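Chemist: Below is a structure I'd like to ask you about.
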Amino acid sequence: MTAIHYERAGGFEPPRDHEVLDIDPPGAFTLWRSVGWTTHPATPVGRFSGLLDAAQNALLQDEAVAAERAGTVLIPIPPDSPIETIVVGQARAMMGAHADAGAAWGVLTAHLRLLLVALTQSPQAALALVLAPDGRAARLVHQGSNPLLIDLSALRIRAFLWDGRMPAREWVAQGDIIGLPDRLTVSGGMSFELPFNHGFDLTYRHRVTARVELAIYDGATRVPVSLCAP
Amino acid sequence: MSSNPDEPDHAAVGPDGVNPYLSSPAVLRDLQQAFGNRFVARLVRNAAAPPRAARPAAPLELPSPPMLPLIAQDDDEHLRPMTLAAHLLRQRAHNHRSGPVLRIGRVTAIPILYASPNHAFHALKGLSAHPSSATLTAVETDHAYAKPVKQKARNGCPRAQALGGPGVHPVVASGSRGIAVRELQEKLNCWLLRTPSLPAFGAVSGDGAIAADGAFGSATRALLSAFQKANGLAQTGRADRATWDRIDALQLGSSAGTFRKVWAQTVEGVTFTMDGSNTSRYTWEINDAAQTLTVFARFDFVWRDPSARDVAVIQHLFDGIKAAWNVSRIVNAASGEAYDVRFEPLIAPGGLRVTLWPGNGRSCVDHWHLGDPHLYTQAAPRAFGHFLGLEDGYGLTGAQTHTIEPRYLHAFVAYIAAHAGDPVSPDGQCDWQAVVTR
């Protein structure tokens with residue numbers, strides 16, 4: 001039985017990835033997500049925690065033991081890639097976020113990448129971006145049992161108009177656009193609408209996606225985050 | 001004289017079959033001083049021979065089905081469909097080789113070096129209407145190929161540190177085709193001209209310069225073997241690493257070439273690399289007629305979701321790359337020459353391997369997420385800079401899209417200048433500078 005530490009950091013476009021997952025031997029986990037769209041599908045950001053079910057944790061532990069037995073690996077990292085670092089016991093793996101480490105490390109890494117999405121189903125203090133089905137409204141929604149301090153001073157809202165498979169237009173709103181204080185604490189599933197008057201002319205072949213950048217607090221640490229929807 | 005400078009001027013051949021220009025003792029003396037007696041003797045001998053028929057120009061109208069222009073089947077741009085613009089540029093370059101427009105400058109030598117002595121004759125013949133001073137200038141400029149590297153530093157000329165090391169030429173041998181072969185042929189011709197006593201290899205057609213047609217045939221092999229023998233190299237008959245190193249050391253010039261290097265940079269203790277199938281690489285070509293330097297980078301896309309395969313997406317990606325990168329010229333402060341720099345991404349098997357993912361995700365240099373709206377304007381253009389061999393920090397960051405900085409482009413410019421035969425000091429100083437025009 002061993003503790004597993006997974007971290008993904010970097011990427012050229014700010015805010016950079018800062019995704020951290022820790023799983024202790026019994027299967028209790030804590031997860032921090034900063035960039036919701038760095039995985040597919042996109043997820044909420046913030047703090048998540050919970051307990052893996054026994055079968056999944058047993059499988060994960062088997063994979064971790066095999067990876068530790070394989071020893072430390074370093075796979076060349078391509079430019080601009082976020083860097084994944086995985087630590088199990090005395091062994092460590094470092095690679096790019098798309099790398100296939102092969103063998104034992106490859107299996108463990110693939111599993112952890114899936115958990116990076118799946119474990120956001122257990123929010124502790126998180127924030128989600130929800131886009132209306134018609135693409136004309138967007139709102140931020142608090143998730144979890146704990147309050148979350150958010151910083152709107154650098155709020156930036158983007159809407160993208162997609163024509164078929166390709167982005168056709170981008171709309172950006174930033175600054176003091178929401179009429180709320182720069183810092184506020186959200187809790188209890190509260191939500192608030194974002195200004196989203198992009199003015200796109202939507203037809204049957206068009207769709208809208210949204211991306212929002214702001215900062216949230218992890219304890220006393222201010223962390224820039226980015227959300228996207230859908 | 002022909003009204004079309006691209007056509008050989010047969011009328012300049014006198015009734016006795018000898019170019020009257022070459023009967024001038026003053027001109028012959030100048031040529032002898034520049035190139036040596038043997039070269040001039042060969043010129044005069046071939047001047048009496050019937051001129052080789054000009055290669056007919058290919059039709060300008062090209063079929064351009066929607067998917068065709070993006071596809072290049074392999075490394076041989078001579079034979080493969082490319083973008084229409086690239087094809088037209090190449091066609092003009094070809095016409096230029098068949099009947100060159102002679103200019104005063106570095107590239108004046110190219111038409112002379114390109115082809116057999118018959119072609120050389122036509123090229124020189126075009127000078128007959130010029131005063132001898134212009135003729136001399138042209139020849140002297142040509143002779144600049146043999147000059148040693150300048151070690152002087154020029155004020156305001158940035159250093160080429162960002163390139164991070166020399167490029168590696170591909171090994172070419174009998175049967176090879178493409179830009180690398182053409183580069184080899186031009187450089188061997190260049191060596192041939194500067195070598196006072198030619199080795200008796202004999203098999204080279206016309207007993208002189210070989211055709212720089214991008215096809216490695218028997219003439220190229222013979223001349224290459226002669227080069228290897230004269231330079232104390234193993235006569236392998238193929239341009240291997242040792243041969244290319246020697247060619248580079250001699251600073252032989254060409255109007256086209258290849259670039260390939262393992263990309264590596266250490267940032268904050270972490271080393272990022274592009275190696276294996278994804279070394280930085282491109283081919284380049286100078287077109288004097290169009291005043292352009294065109295850089296071709298080839299991509300080999302892997303679709304994670306084959307059902308999403310869409311050539312319009314690729315076109316959109318390429319448009320984004322070109323919008324970001326086709327914003328510069330290179331200018332020679334000493335000569336006043338200027339060339340537009342054009343980057344042409346292409347699809348080609350064996351090109352730079354990029355995996356295209358559906359949906360969201362953080363794109364990096366060789367994994368692009370099609371659902372990332374900034375892929376087209378930021379991530380892909382930025383990756384393209386790495387494919388050019390540039391190190392991080394050339395300006396295409398998320399917050400600074402479309403701000404390519406000349407000081408980073410200079411590394412790229414210096415590499416091409418060096419391989420085109422221009423003097424470049426070991427620390428990257430040269431007469432050429434990149435100027436961002438937008």
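We label chains A, B, ... in the order they appear in the structure tokens, count residues from 1 in each chain, and number ligands from 1 in the order shown.
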Residues of chain B near chain A: apply a cut-off of 9 Å, count only C-alpha atoms, and supply the list as a VMD selection string.

Modeler: chain B and resid 263 to 265 270 to 275 308 310 312 to 313 316 358 to 367 370 to 374 376 378 to 379 382 to 383 386 392 397 to 399

Chemist: With a distance cut-off of 6 Å and only C-alpha atoms, select the neighbouring residues of segment 117-126 of chain A, excluding the residue or stretch itself and same-chain residues fewer than 2 positions from it, and output the selection as a PyMOL selection string.

Modeler: chain A and resi 45-49+114-115+142-148

Chemist: Once you have the residues from the selection above, write them out as a PDB file, in the first residue's frame, restricted to N, CA and C atoms.

Modeler:
```
ATOM      1  N   VAL A  45     -13.572  23.876 -11.188  1.00  0.00           N
ATOM      2  CA  VAL A  45     -12.251  24.086 -10.582  1.00  0.00           C
ATOM      3  C   VAL A  45     -12.436  24.259  -9.078  1.00  0.00           C
ATOM      4  N   GLY A  46     -11.342  24.072  -8.354  1.00  0.00           N
ATOM      5  CA  GLY A  46     -11.390  24.243  -6.911  1.00  0.00           C
ATOM      6  C   GLY A  46     -10.934  22.994  -6.184  1.00  0.00           C
ATOM      7  N   ARG A  47     -11.473  22.822  -4.980  1.00  0.00           N
ATOM      8  CA  ARG A  47     -11.043  21.724  -4.109  1.00  0.00           C
ATOM      9  C   ARG A  47     -12.092  20.611  -4.127  1.00  0.00           C
ATOM     10  N   PHE A  48     -11.577  19.390  -4.268  1.00  0.00           N
ATOM     11  CA  PHE A  48     -12.440  18.210  -4.293  1.00  0.00           C
ATOM     12  C   PHE A  48     -11.844  17.189  -3.320  1.00  0.00           C
ATOM     13  N   SER A  49     -12.683  16.409  -2.720  1.00  0.00           N
ATOM     14  CA  SER A  49     -12.160  15.399  -1.785  1.00  0.00           C
ATOM     15  C   SER A  49     -13.186  14.282  -1.624  1.00  0.00           C
ATOM     16  N   LEU A 114      -7.787   9.858 -15.851  1.00  0.00           N
ATOM     17  CA  LEU A 114      -9.244   9.708 -15.806  1.00  0.00           C
ATOM     18  C   LEU A 114      -9.803  10.222 -14.480  1.00  0.00           C
ATOM     19  N   LEU A 115      -9.070   9.932 -13.406  1.00  0.00           N
ATOM     20  CA  LEU A 115      -9.534  10.395 -12.096  1.00  0.00           C
ATOM     21  C   LEU A 115      -9.551  11.915 -12.006  1.00  0.00           C
ATOM     22  N   HIS A 142     -21.490  27.791  -7.438  1.00  0.00           N
ATOM     23  CA  HIS A 142     -20.678  27.198  -6.370  1.00  0.00           C
ATOM     24  C   HIS A 142     -21.081  25.736  -6.182  1.00  0.00           C
ATOM     25  N   GLN A 143     -20.088  24.897  -5.913  1.00  0.00           N
ATOM     26  CA  GLN A 143     -20.353  23.488  -5.638  1.00  0.00           C
ATOM     27  C   GLN A 143     -19.634  23.089  -4.352  1.00  0.00           C
ATOM     28  N   GLY A 144     -20.227  22.174  -3.595  1.00  0.00           N
ATOM     29  CA  GLY A 144     -19.567  21.635  -2.414  1.00  0.00           C
ATOM     30  C   GLY A 144     -20.127  22.183  -1.130  1.00  0.00           C
ATOM     31  N   SER A 145     -19.641  21.598  -0.040  1.00  0.00           N
ATOM     32  CA  SER A 145     -20.161  21.945   1.279  1.00  0.00           C
ATOM     33  C   SER A 145     -19.413  23.102   1.918  1.00  0.00           C
ATOM     34  N   ASN A 146     -18.251  23.433   1.418  1.00  0.00           N
ATOM     35  CA  ASN A 146     -17.449  24.496   2.016  1.00  0.00           C
ATOM     36  C   ASN A 146     -17.561  25.783   1.198  1.00  0.00           C
ATOM     37  N   PRO A 147     -17.519  26.924   1.865  1.00  0.00           N
ATOM     38  CA  PRO A 147     -17.530  28.189   1.122  1.00  0.00           C
ATOM     39  C   PRO A 147     -16.229  28.375   0.338  1.00  0.00           C
ATOM     40  N   LEU A 148     -16.309  29.217  -0.669  1.00  0.00           N
ATOM     41  CA  LEU A 148     -15.149  29.450  -1.528  1.00  0.00           C
ATOM     42  C   LEU A 148     -14.980  30.952  -1.717  1.00  0.00           C
TER      43      LEU A 148
END
```

Chemist: Find the residues near Leu184 of chain B: any atom within 9 Å, counting only C-alpha atoms, skip ones fewer than 5 places away on the same chain, and give them as number ranges by chain.

Modeler: B: 172, 179, 189, 212, 214, 220, 224, 239, 244, 247, 254, 257

Chemist: Taking only C-alpha atoms into account, name the residue in B:Leu188, B:Val331, B:Leu233, B:Ala256 that is nearest to Arg221 of chain B.

Modeler: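 With only C-alpha atoms as the atom set, the closest residue is B:Leu188.
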
Chemist: For a test of reading the model, state the distance in Å between atom CA of Leu250 of chain B and atom CA of Trp191 of chain B, rounded to one decimal.

Modeler: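 Pair atom CA of Leu250 of chain B / atom CA of Trp191 of chain B returns 8.3 Å.
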